[in-house]
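Working notes, structure below.
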Amino acid sequence: MVQYITRIIVMMKGWQRAGLLLVLLLLGAVATAGWGQEALLGLLLVAILLGWWQGWQLTKEAAQQERSNRAIIHRLLETALQTMPVHQQLDTLLDILFTTSQFDFIRKGGFYLLAEENDTLLLAAQRGFETEMVHRCSAIKSGHCLCGRAWQNKEGLYLARVEDLQSAGGDLSRQYGIYCQPLLKEGHVFGLLTLYVTAGHRFTSQQQEFLHTLTMTAVSLMEKARLEEKIRQQAQYDPLTGLPNRALFLDRLSQSLAHAQRNNGEVVVMILDVDHFKQINDSMGHTVGDALLKEVATRLLTVVRNTDTVARLGGDEFTIILPKLTHLFYVEYVARRLLDGLRQPMELAGASFTITASMGVTVFPHDGRDVEALLKNADNAMYTAKDQGRDGFRFFSEEMGSKALERLALEQAVKRGLEQGEFIAYYQPKVHSDGHVVGMEALVRWQRPEVGLCYPGDFIPFAEQSGLIVALGERMLELACQQAREWQLAGLGDLAVSVNLSARQLRLGDKLIGQVERILQQSGLPPQLLELEVTESMMMENLSEVRQLLERIRDLGVKLSIDDFGTGYSSLSVLRHLPIQTIKIDRSFVRGVDLDGDSRILVSAIIAMARQLGLAVVAEGVESLEEKEIIVAEGCQVIQGYYYSKPVAPERFADYVRQQNFA
């Protein structure tokens, strides 16, 4: 019997043994009173049974509490996985927290989230806050009040006593204790949880563990919300300017049109394009270009209303939606203010810029009844503004639609012409004053099947505007080098061929160098028989970068000349540092030089300057014997113009060279 009792005692837990000790003391007192051994043994067995029953009850309660905790944690996880705004999820966490029976909570507390500026915690969800308290505690600064100190120290703070609350700097009711726990992960504060409890409440380890689970759930919610917001920003906003991107713009425009249609209203759509932005971007670099676009976005936003939308579609193209139109004069007023704002000087990267923009305007439903039509017509109006001198705006008209169709047809025809070899080279001779042909300039022509021979004025402006001039320029280089090599092999002599470079080709940089090297290698033409012509105005746009590029071209052995000299702003000091070999006097100075004394003075000065720099001179546009004689008398020995020959097809040019050089 004694061994059996001993075994039971060993199996008991600590709290059960303590209970048994109390029973034994009671038994000792009974024994002293003279009870028999059987009575003592019976009392001992009753005590043991009571102890086991008490243990079973406590174990049952602990199991119930464990199941309750698991259910609460399950609800927390469910909340974290639900798709809803983070503020709503935090509200749900507070509801879960205040429905648990573990704490002596007063139903009062809240979650704070870190503001975007990272200098303030903003109240995101709360329960039990009075109106005055919501106003007073809507924002927390680091180090201010108890919660601010918890944020600053990155650790939980708990004040359970009334006097502690007063020392914390608050004027809260004296019946409260307060608990502030920063929401932390890897040392970064996402927010803060504040709870109000009865004064004097002390947290058990189990309660602290539960609160830790709650705060980590809140941190997960905030991380998830920030990730979702980042994804949303990337999907709907332009990362450079912060403006709505094309997707969000189209969504807002669709909503505006639907609202206007229901209410018989109007919507204005504007498309704005920065004039000559590519030149700025290419010459000053993408960093300056990006800074300029950000400044443009900022200035546009300062003009429009909060109900309006400014978006960036891409590149230097911006769009504006005015969803509530009152009067047409207001649209003109906004358009003028937008353009005026952009004309103000900008200070970027230590340089001052003055830019302009072109804008097209359409009005729903008059200029289109859907998104596609409105954007297409606004784009047409914008290009009309560019064609009419830029730095302005135009409202859409039906005539613009017809021109847009013509422009589209021309673009398709040019692309087809490039693919099918419809662009050919004509050649105009450069003739020495003694009558011998010393070279030629390759000039593009378009042998358009349905139209006939087209001259540069019919398609070059469009090719430059659309960017097709790059492919066209490459095609001309290939034709000219191949033809010059064929004439060299045919015995016509070492005739240097000149090819014009466009501004867009110059912006190709390394790619242009690669093209020239490849074409020279494929054609077999010696580099010294290729001359590339660059206009004076093109060089002056970005003198430093253009000079470096031209030096690399010169290092290939290719010759360089300035075309249309005298129409730009170059000076003698500039010319001295350019890697050029030839100056071509612009035809505007040559034409009528025999009748205009001022023109003759200018021509004489240009020739004299070229001599001082050791440069060759070509006079282009010479059409009469009188002009030729004056030009030669002033010292220019190479003539190009209709006086000798207009640009002709390769076969006729070869015949002309044979006649002039070998007759």
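Chain lettering (A, B, ...) mirrors the order of the structure tokens, residue numbering begins at 1 for each chain separately, and ligand numbering begins at 1 in order of display.
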
Might you pull out every residue within 7 Å of range 470-480 of chain A, with only C-alpha atoms counted and same-chain residues fewer than 5 positions away left off, and present them as an NGL selection string? :A and (425 or 442 or 444 or 497 or 499 or 501 or 504-505 or 519)

Env of range 120-127 of chain A: 9 Å cut, atoms = only C-alpha atoms, seq-sep filter 5 positions within chain, self excluded. Answer as a compact mmCIF listing (two decimals) with all heavy atoms, in the first residue's frame.
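Written out: part_21.txt:
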# COMPACT_ATOMS: atom_id res chain seq x y z
N VAL A 86 -5.70 47.90 -46.51
CA VAL A 86 -4.98 47.63 -45.27
C VAL A 86 -5.70 48.25 -44.07
O VAL A 86 -5.71 47.68 -42.97
CB VAL A 86 -3.53 48.12 -45.37
CG1 VAL A 86 -3.47 49.64 -45.47
CG2 VAL A 86 -2.71 47.65 -44.17
N HIS A 87 -6.34 49.41 -44.24
CA HIS A 87 -7.07 50.02 -43.13
C HIS A 87 -8.21 49.11 -42.66
O HIS A 87 -8.46 48.98 -41.46
CB HIS A 87 -7.61 51.39 -43.54
CG HIS A 87 -6.56 52.42 -43.78
ND1 HIS A 87 -5.72 52.37 -44.86
CD2 HIS A 87 -6.19 53.52 -43.07
CE1 HIS A 87 -4.88 53.39 -44.82
NE2 HIS A 87 -5.15 54.10 -43.74
N GLN A 88 -8.89 48.49 -43.61
CA GLN A 88 -9.98 47.58 -43.27
C GLN A 88 -9.45 46.33 -42.57
O GLN A 88 -10.07 45.81 -41.63
CB GLN A 88 -10.76 47.21 -44.53
CG GLN A 88 -12.02 46.40 -44.27
CD GLN A 88 -12.79 46.14 -45.56
OE1 GLN A 88 -12.56 46.80 -46.57
NE2 GLN A 88 -13.69 45.17 -45.52
N GLN A 89 -8.30 45.84 -43.00
CA GLN A 89 -7.71 44.68 -42.35
C GLN A 89 -7.30 45.00 -40.92
O GLN A 89 -7.48 44.18 -40.01
CB GLN A 89 -6.50 44.20 -43.15
CG GLN A 89 -6.87 43.54 -44.48
CD GLN A 89 -5.65 43.12 -45.27
OE1 GLN A 89 -4.68 43.88 -45.38
NE2 GLN A 89 -5.69 41.93 -45.83
N LEU A 90 -6.77 46.20 -40.70
CA LEU A 90 -6.39 46.60 -39.34
C LEU A 90 -7.63 46.75 -38.46
O LEU A 90 -7.59 46.42 -37.26
CB LEU A 90 -5.59 47.90 -39.39
CG LEU A 90 -4.22 47.81 -40.08
CD1 LEU A 90 -3.56 49.18 -40.14
CD2 LEU A 90 -3.31 46.81 -39.37
N ASP A 91 -8.73 47.23 -39.02
CA ASP A 91 -9.99 47.27 -38.28
C ASP A 91 -10.38 45.87 -37.82
O ASP A 91 -10.82 45.67 -36.68
CB ASP A 91 -11.10 47.85 -39.16
CG ASP A 91 -11.12 49.37 -39.11
OD1 ASP A 91 -10.69 49.94 -38.10
OD2 ASP A 91 -11.56 49.99 -40.10
N LEU A 94 -8.35 44.68 -34.86
CA LEU A 94 -8.82 45.26 -33.60
C LEU A 94 -10.07 44.53 -33.11
O LEU A 94 -10.21 44.28 -31.89
CB LEU A 94 -9.11 46.75 -33.79
CG LEU A 94 -7.89 47.66 -33.94
CD1 LEU A 94 -8.32 49.10 -34.21
CD2 LEU A 94 -7.00 47.62 -32.70
N ASP A 95 -10.96 44.19 -34.01
CA ASP A 95 -12.16 43.45 -33.61
C ASP A 95 -11.78 42.10 -33.01
O ASP A 95 -12.34 41.68 -31.99
CB ASP A 95 -13.08 43.25 -34.81
CG ASP A 95 -13.76 44.55 -35.24
OD1 ASP A 95 -13.87 45.46 -34.39
OD2 ASP A 95 -14.15 44.65 -36.42
N ARG A 107 -12.23 48.58 -24.36
CA ARG A 107 -12.36 48.50 -25.82
C ARG A 107 -11.88 49.82 -26.42
O ARG A 107 -12.66 50.67 -26.87
CB ARG A 107 -13.81 48.21 -26.22
CG ARG A 107 -13.99 47.91 -27.70
CD ARG A 107 -15.43 47.55 -28.00
NE ARG A 107 -15.66 47.44 -29.42
CZ ARG A 107 -15.37 46.39 -30.17
NH1 ARG A 107 -14.83 45.32 -29.61
NH2 ARG A 107 -15.61 46.38 -31.47
N LYS A 108 -10.58 49.95 -26.40
CA LYS A 108 -10.00 51.22 -26.84
C LYS A 108 -8.57 50.96 -27.30
O LYS A 108 -7.77 50.37 -26.56
CB LYS A 108 -10.01 52.23 -25.69
CG LYS A 108 -9.69 53.66 -26.09
CD LYS A 108 -9.96 54.58 -24.90
CE LYS A 108 -9.86 56.03 -25.31
NZ LYS A 108 -10.20 56.93 -24.18
N GLY A 109 -8.25 51.36 -28.52
CA GLY A 109 -6.92 51.17 -29.05
C GLY A 109 -6.88 51.49 -30.53
O GLY A 109 -7.90 51.80 -31.14
N GLY A 110 -5.71 51.40 -31.09
CA GLY A 110 -5.60 51.75 -32.50
C GLY A 110 -4.28 51.33 -33.12
O GLY A 110 -3.31 51.02 -32.44
N PHE A 111 -4.28 51.32 -34.47
CA PHE A 111 -3.08 51.07 -35.26
C PHE A 111 -2.66 52.37 -35.95
O PHE A 111 -3.51 53.11 -36.47
CB PHE A 111 -3.34 50.01 -36.33
CG PHE A 111 -3.29 48.60 -35.82
CD1 PHE A 111 -4.44 47.86 -35.63
CD2 PHE A 111 -2.06 48.00 -35.53
CE1 PHE A 111 -4.40 46.56 -35.18
CE2 PHE A 111 -2.00 46.69 -35.07
CZ PHE A 111 -3.17 45.97 -34.89
N TYR A 112 -1.36 52.61 -35.98
CA TYR A 112 -0.78 53.74 -36.71
C TYR A 112 0.11 53.20 -37.83
O TYR A 112 0.78 52.17 -37.66
CB TYR A 112 0.06 54.62 -35.78
CG TYR A 112 -0.75 55.42 -34.78
CD1 TYR A 112 -1.20 54.83 -33.60
CD2 TYR A 112 -1.07 56.74 -35.03
CE1 TYR A 112 -1.94 55.56 -32.69
CE2 TYR A 112 -1.81 57.48 -34.12
CZ TYR A 112 -2.25 56.88 -32.95
OH TYR A 112 -2.99 57.61 -32.05
N LEU A 113 0.12 53.88 -38.96
CA LEU A 113 0.98 53.52 -40.08
C LEU A 113 1.98 54.65 -40.35
O LEU A 113 1.66 55.83 -40.18
CB LEU A 113 0.16 53.27 -41.35
CG LEU A 113 -0.80 52.08 -41.32
CD1 LEU A 113 -1.52 51.96 -42.66
CD2 LEU A 113 -0.08 50.80 -40.99
N LEU A 114 3.17 54.26 -40.78
CA LEU A 114 4.22 55.24 -41.09
C LEU A 114 3.86 55.98 -42.37
O LEU A 114 3.53 55.37 -43.39
CB LEU A 114 5.56 54.54 -41.24
CG LEU A 114 6.81 55.43 -41.32
CD1 LEU A 114 6.99 56.21 -40.02
CD2 LEU A 114 8.04 54.57 -41.59
N ALA A 115 3.90 57.32 -42.33
CA ALA A 115 3.60 58.14 -43.50
C ALA A 115 4.69 57.97 -44.55
O ALA A 115 5.80 57.51 -44.26
CB ALA A 115 3.47 59.60 -43.10
N VAL A 134 -9.37 61.51 -31.30
CA VAL A 134 -9.01 61.25 -32.70
C VAL A 134 -8.29 62.46 -33.28
O VAL A 134 -7.28 62.33 -33.99
CB VAL A 134 -10.27 60.92 -33.53
CG1 VAL A 134 -9.94 60.89 -35.02
CG2 VAL A 134 -10.87 59.59 -33.10
N CYS A 137 -4.78 62.76 -31.39
CA CYS A 137 -3.84 61.65 -31.56
C CYS A 137 -3.84 61.10 -32.99
O CYS A 137 -3.49 59.93 -33.22
CB CYS A 137 -4.17 60.53 -30.59
SG CYS A 137 -4.05 61.01 -28.85
N SER A 138 -4.24 61.91 -33.96
CA SER A 138 -4.28 61.43 -35.35
C SER A 138 -2.89 61.26 -35.94
O SER A 138 -2.70 60.53 -36.91
CB SER A 138 -5.09 62.40 -36.21
OG SER A 138 -4.48 63.69 -36.21
N ALA A 139 -1.88 61.93 -35.38
CA ALA A 139 -0.51 61.83 -35.88
C ALA A 139 0.46 61.84 -34.70
O ALA A 139 0.24 62.53 -33.71
CB ALA A 139 -0.20 62.98 -36.83
N ILE A 140 1.51 61.06 -34.82
CA ILE A 140 2.52 60.94 -33.76
C ILE A 140 3.88 61.26 -34.35
O ILE A 140 4.25 60.74 -35.41
CB ILE A 140 2.52 59.52 -33.16
CG1 ILE A 140 1.18 59.22 -32.48
CG2 ILE A 140 3.66 59.36 -32.17
CD1 ILE A 140 1.06 57.79 -32.00
N LYS A 141 4.62 62.10 -33.65
CA LYS A 141 5.99 62.41 -34.04
C LYS A 141 6.96 61.58 -33.20
O LYS A 141 6.69 61.29 -32.03
CB LYS A 141 6.28 63.91 -33.85
CG LYS A 141 5.52 64.81 -34.79
CD LYS A 141 6.04 64.71 -36.20
CE LYS A 141 5.38 65.72 -37.13
NZ LYS A 141 5.90 65.62 -38.52
N SER A 142 8.08 61.22 -33.79
CA SER A 142 9.08 60.43 -33.08
C SER A 142 9.57 61.18 -31.85
O SER A 142 9.93 62.36 -31.92
CB SER A 142 10.26 60.13 -34.00
OG SER A 142 11.25 59.39 -33.32
N GLY A 148 5.35 58.02 -29.18
CA GLY A 148 6.48 58.56 -29.93
C GLY A 148 7.81 58.06 -29.41
O GLY A 148 8.74 57.80 -30.18
N TRP A 151 8.27 54.47 -30.54
CA TRP A 151 8.73 54.48 -31.94
C TRP A 151 10.21 54.81 -32.00
O TRP A 151 11.00 54.15 -32.69
CB TRP A 151 7.89 55.47 -32.72
CG TRP A 151 8.34 55.73 -34.13
CD1 TRP A 151 9.13 54.94 -34.89
CD2 TRP A 151 8.04 56.87 -34.93
NE1 TRP A 151 9.34 55.50 -36.13
CE2 TRP A 151 8.69 56.69 -36.18
CE3 TRP A 151 7.29 58.02 -34.72
CZ2 TRP A 151 8.60 57.63 -37.20
CZ3 TRP A 151 7.19 58.95 -35.74
CH2 TRP A 151 7.83 58.77 -36.97
N PHE A 190 7.25 49.89 -39.22
CA PHE A 190 6.16 50.01 -40.19
C PHE A 190 4.98 50.80 -39.62
O PHE A 190 4.22 51.40 -40.35
CB PHE A 190 5.67 48.63 -40.62
CG PHE A 190 6.60 47.91 -41.54
CD1 PHE A 190 7.65 47.16 -41.04
CD2 PHE A 190 6.44 47.99 -42.91
CE1 PHE A 190 8.51 46.49 -41.90
CE2 PHE A 190 7.30 47.34 -43.77
CZ PHE A 190 8.34 46.58 -43.26
N GLY A 191 4.84 50.72 -38.29
CA GLY A 191 3.70 51.38 -37.65
C GLY A 191 3.76 51.16 -36.16
O GLY A 191 4.82 50.88 -35.58
N LEU A 192 2.58 51.25 -35.51
CA LEU A 192 2.56 51.13 -34.05
C LEU A 192 1.16 50.71 -33.61
O LEU A 192 0.15 51.12 -34.19
CB LEU A 192 2.95 52.47 -33.40
CG LEU A 192 3.01 52.50 -31.87
CD1 LEU A 192 4.26 53.22 -31.41
CD2 LEU A 192 1.77 53.19 -31.30

Using only C-alpha atoms, determine which residues lie at most 6 Å from range 318-324 of chain A, disregarding the query and same-chain residues fewer than 2 positions distant; provide the list as a compact mmCIF listing (two decimals) with all heavy atoms, in the first residue's frame.
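And here is the file that came out, selection28.txt:
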# COMPACT_ATOMS: atom_id res chain seq x y z
N SER A 256 -14.48 59.08 -67.82
CA SER A 256 -14.95 60.45 -68.07
C SER A 256 -15.93 60.48 -69.23
O SER A 256 -16.95 61.18 -69.19
CB SER A 256 -13.76 61.37 -68.37
OG SER A 256 -12.90 61.46 -67.26
N VAL A 267 -16.10 66.41 -72.75
CA VAL A 267 -14.78 66.12 -72.20
C VAL A 267 -13.73 66.62 -73.18
O VAL A 267 -13.85 66.39 -74.39
CB VAL A 267 -14.57 64.61 -71.96
CG1 VAL A 267 -13.17 64.33 -71.43
CG2 VAL A 267 -15.62 64.07 -71.00
N VAL A 268 -12.74 67.29 -72.66
CA VAL A 268 -11.65 67.81 -73.50
C VAL A 268 -10.42 66.92 -73.34
O VAL A 268 -10.05 66.55 -72.22
CB VAL A 268 -11.29 69.26 -73.10
CG1 VAL A 268 -10.06 69.74 -73.88
CG2 VAL A 268 -12.46 70.18 -73.36
N VAL A 269 -9.81 66.56 -74.45
CA VAL A 269 -8.58 65.78 -74.45
C VAL A 269 -7.49 66.58 -75.16
O VAL A 269 -7.69 67.04 -76.28
CB VAL A 269 -8.76 64.42 -75.15
CG1 VAL A 269 -7.45 63.63 -75.14
CG2 VAL A 269 -9.86 63.61 -74.46
N MET A 270 -6.37 66.74 -74.49
CA MET A 270 -5.23 67.46 -75.06
C MET A 270 -4.03 66.53 -75.16
O MET A 270 -3.77 65.76 -74.23
CB MET A 270 -4.85 68.66 -74.19
CG MET A 270 -5.94 69.70 -74.01
SD MET A 270 -5.41 70.98 -72.82
CE MET A 270 -6.69 72.21 -73.06
N ILE A 271 -3.32 66.61 -76.25
CA ILE A 271 -2.03 65.92 -76.40
C ILE A 271 -0.96 66.98 -76.60
O ILE A 271 -1.07 67.83 -77.49
CB ILE A 271 -2.04 64.93 -77.57
CG1 ILE A 271 -2.96 63.75 -77.26
CG2 ILE A 271 -0.63 64.42 -77.85
CD1 ILE A 271 -2.96 62.66 -78.30
N LEU A 272 0.06 66.92 -75.75
CA LEU A 272 1.13 67.93 -75.77
C LEU A 272 2.46 67.24 -76.01
O LEU A 272 2.77 66.22 -75.39
CB LEU A 272 1.14 68.68 -74.44
CG LEU A 272 2.20 69.77 -74.25
CD1 LEU A 272 1.62 70.90 -73.39
CD2 LEU A 272 3.46 69.23 -73.57
N ASP A 308 -8.89 67.41 -62.95
CA ASP A 308 -8.31 67.13 -64.26
C ASP A 308 -7.22 66.07 -64.13
O ASP A 308 -6.71 65.82 -63.04
CB ASP A 308 -7.73 68.40 -64.88
CG ASP A 308 -8.78 69.50 -65.03
OD1 ASP A 308 -9.97 69.15 -65.18
OD2 ASP A 308 -8.41 70.69 -64.99
N THR A 309 -6.85 65.49 -65.23
CA THR A 309 -5.79 64.46 -65.25
C THR A 309 -4.68 64.89 -66.19
O THR A 309 -4.93 65.26 -67.33
CB THR A 309 -6.35 63.10 -65.72
OG1 THR A 309 -7.27 62.61 -64.75
CG2 THR A 309 -5.23 62.08 -65.88
N VAL A 310 -3.45 64.82 -65.68
CA VAL A 310 -2.26 64.99 -66.52
C VAL A 310 -1.53 63.66 -66.52
O VAL A 310 -1.25 63.09 -65.46
CB VAL A 310 -1.33 66.09 -65.98
CG1 VAL A 310 -0.06 66.19 -66.84
CG2 VAL A 310 -2.04 67.43 -65.95
N ALA A 311 -1.25 63.12 -67.69
CA ALA A 311 -0.59 61.81 -67.81
C ALA A 311 0.57 61.90 -68.78
O ALA A 311 0.63 62.81 -69.61
CB ALA A 311 -1.59 60.75 -68.27
N ARG A 312 1.48 60.95 -68.66
CA ARG A 312 2.58 60.84 -69.62
C ARG A 312 2.39 59.55 -70.40
O ARG A 312 2.41 58.46 -69.83
CB ARG A 312 3.93 60.83 -68.90
CG ARG A 312 5.12 60.75 -69.87
CD ARG A 312 6.42 60.59 -69.13
NE ARG A 312 7.53 60.42 -70.04
CZ ARG A 312 8.63 59.71 -69.78
NH1 ARG A 312 8.75 59.10 -68.61
NH2 ARG A 312 9.59 59.59 -70.67
N LEU A 313 2.21 59.70 -71.71
CA LEU A 313 2.00 58.53 -72.55
C LEU A 313 3.31 57.83 -72.88
O LEU A 313 3.33 56.63 -73.15
CB LEU A 313 1.28 58.91 -73.84
CG LEU A 313 -0.15 59.45 -73.68
CD1 LEU A 313 -0.81 59.58 -75.04
CD2 LEU A 313 -0.97 58.55 -72.78

Hey, what does DSSP flag as strand (DSSP E or B) within range 76-281 of chain A? Can you give it to me as a ChimeraX atom specification? /A:105-114,121-127,139-140,157-159,176-185,188-198,237,244,267-274

Contacts of Arg600 in chain A at 9 Å or less, counting only C-alpha atoms, minus same-chain residues fewer than 4 places along, as a PDB file with N, CA and C atoms, in the first residue's frame?
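What ended up in part.pdb:
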ATOM      1  N   PHE A 589      23.918  83.018-101.171  1.00  0.00           N
ATOM      2  CA  PHE A 589      24.924  84.063-101.375  1.00  0.00           C
ATOM      3  C   PHE A 589      25.405  84.102-102.826  1.00  0.00           C
ATOM      4  N   VAL A 590      25.377  82.920-103.478  1.00  0.00           N
ATOM      5  CA  VAL A 590      25.877  82.838-104.850  1.00  0.00           C
ATOM      6  C   VAL A 590      24.865  83.400-105.836  1.00  0.00           C
ATOM      7  N   GLY A 592      22.674  85.583-107.775  1.00  0.00           N
ATOM      8  CA  GLY A 592      22.628  87.025-108.004  1.00  0.00           C
ATOM      9  C   GLY A 592      23.861  87.759-107.545  1.00  0.00           C
ATOM     10  N   VAL A 593      24.999  87.028-107.332  1.00  0.00           N
ATOM     11  CA  VAL A 593      26.212  87.676-106.857  1.00  0.00           C
ATOM     12  C   VAL A 593      26.724  88.702-107.866  1.00  0.00           C
ATOM     13  N   ASP A 594      26.335  88.525-109.140  1.00  0.00           N
ATOM     14  CA  ASP A 594      26.776  89.467-110.166  1.00  0.00           C
ATOM     15  C   ASP A 594      25.968  90.755-110.122  1.00  0.00           C
ATOM     16  N   LEU A 595      24.854  90.757-109.411  1.00  0.00           N
ATOM     17  CA  LEU A 595      23.988  91.936-109.344  1.00  0.00           C
ATOM     18  C   LEU A 595      23.989  92.592-107.969  1.00  0.00           C
ATOM     19  N   ASP A 596      24.344  91.861-106.959  1.00  0.00           N
ATOM     20  CA  ASP A 596      24.265  92.353-105.576  1.00  0.00           C
ATOM     21  C   ASP A 596      25.673  92.507-105.017  1.00  0.00           C
ATOM     22  N   SER A 604      33.366  86.929-100.990  1.00  0.00           N
ATOM     23  CA  SER A 604      34.804  87.211-100.935  1.00  0.00           C
ATOM     24  C   SER A 604      35.352  86.970 -99.531  1.00  0.00           C
ATOM     25  N   ALA A 605      34.573  87.370 -98.498  1.00  0.00           N
ATOM     26  CA  ALA A 605      35.022  87.194 -97.117  1.00  0.00           C
ATOM     27  C   ALA A 605      35.079  85.714 -96.741  1.00  0.00           C
ATOM     28  N   ILE A 630      32.518  85.516-111.500  1.00  0.00           N
ATOM     29  CA  ILE A 630      32.782  86.279-110.270  1.00  0.00           C
ATOM     30  C   ILE A 630      33.312  85.361-109.179  1.00  0.00           C
ATOM     31  N   ILE A 631      32.706  84.189-109.050  1.00  0.00           N
ATOM     32  CA  ILE A 631      33.135  83.238-108.021  1.00  0.00           C
ATOM     33  C   ILE A 631      34.594  82.840-108.244  1.00  0.00           C
ATOM     34  N   GLU A 634      37.025  85.584-107.380  1.00  0.00           N
ATOM     35  CA  GLU A 634      37.240  85.776-105.945  1.00  0.00           C
ATOM     36  C   GLU A 634      38.107  84.680-105.338  1.00  0.00           C
TER      37      GLU A 634
END

When distances are computed from only C-alpha atoms, which of A:Ala199, A:Ile424, A:Leu374, A:Leu578 shows the smallest separation from Ala160 in chain A?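 For Ala160 in chain A, the nearest of the candidates is A:Ala199.
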
Point out the residue among A:Asp555, A:Glu116, A:Asp655, A:Asp391 with the least atom-to-atom distance to Asp273 in chain A, counting only C-alpha atoms.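 Checking each of A:Asp555, A:Glu116, A:Asp655, A:Asp391 against Asp273 in chain A, counting only C-alpha atoms, the winner is A:Asp391.
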
Hey, which of A:Phe203, A:Tyr176, A:Tyr656, A:Phe662 ends up closest to Lys430 in chain A? Count only C-alpha atoms. A:Tyr656

As JSON, numbers by chain, which residues of range 179-358 of chain A does DSSP assign to helix (DSSP H, G or I)? {"A": [205, 206, 207, 208, 209, 210, 211, 212, 213, 214, 215, 216, 217, 218, 219, 220, 221, 222, 223, 224, 225, 226, 227, 228, 229, 230, 231, 232, 233, 234, 235, 236, 246, 247, 248, 249, 250, 251, 252, 253, 254, 255, 256, 257, 258, 259, 260, 261, 262, 277, 278, 279, 280, 281, 282, 283, 284, 286, 287, 288, 289, 290, 291, 292, 293, 294, 295, 296, 297, 298, 299, 300, 301, 302, 303, 328, 329, 330, 331, 332, 333, 334, 335, 336, 337, 338, 339, 340, 341, 342, 343]}

Env of Phe653 in chain A: 12 Å cut, atoms = only C-alpha atoms, seq-sep filter 4 positions within chain, self excluded. Answer as a ChimeraX atom specification. /A:425-430,437,439-442,483-484,487,492,495,644-649,657-661

Env of Ser397 in chain A: 12 Å cut, atoms = only C-alpha atoms, seq-sep filter 6 positions within chain, self excluded. Answer as an MDAnalysis selection string. chainID A and resid 360:363 366:368 374 376:382 384 403:404

What lies within 10 Å of Cys481 in chain A using only C-alpha atoms, ignoring chain neighbours under 4 positions off, as a list in words?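 These residues fall inside the cut-off: Ala442, Met476, Leu477, Arg485, Glu486, Ala496, Val497, Ser498, Val499, Val516, Ile519, Leu520, Gln521, Gln522, Ser523, Gly524, Leu525, Pro526, Pro527, Leu529 and Leu530 of chain A.
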
What is the distance between CA of Ile583 in chain A and CA of Ile562 in chain A, in Å to one decimal?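 Pair CA of Ile583 in chain A / CA of Ile562 in chain A returns 5.0 Å.
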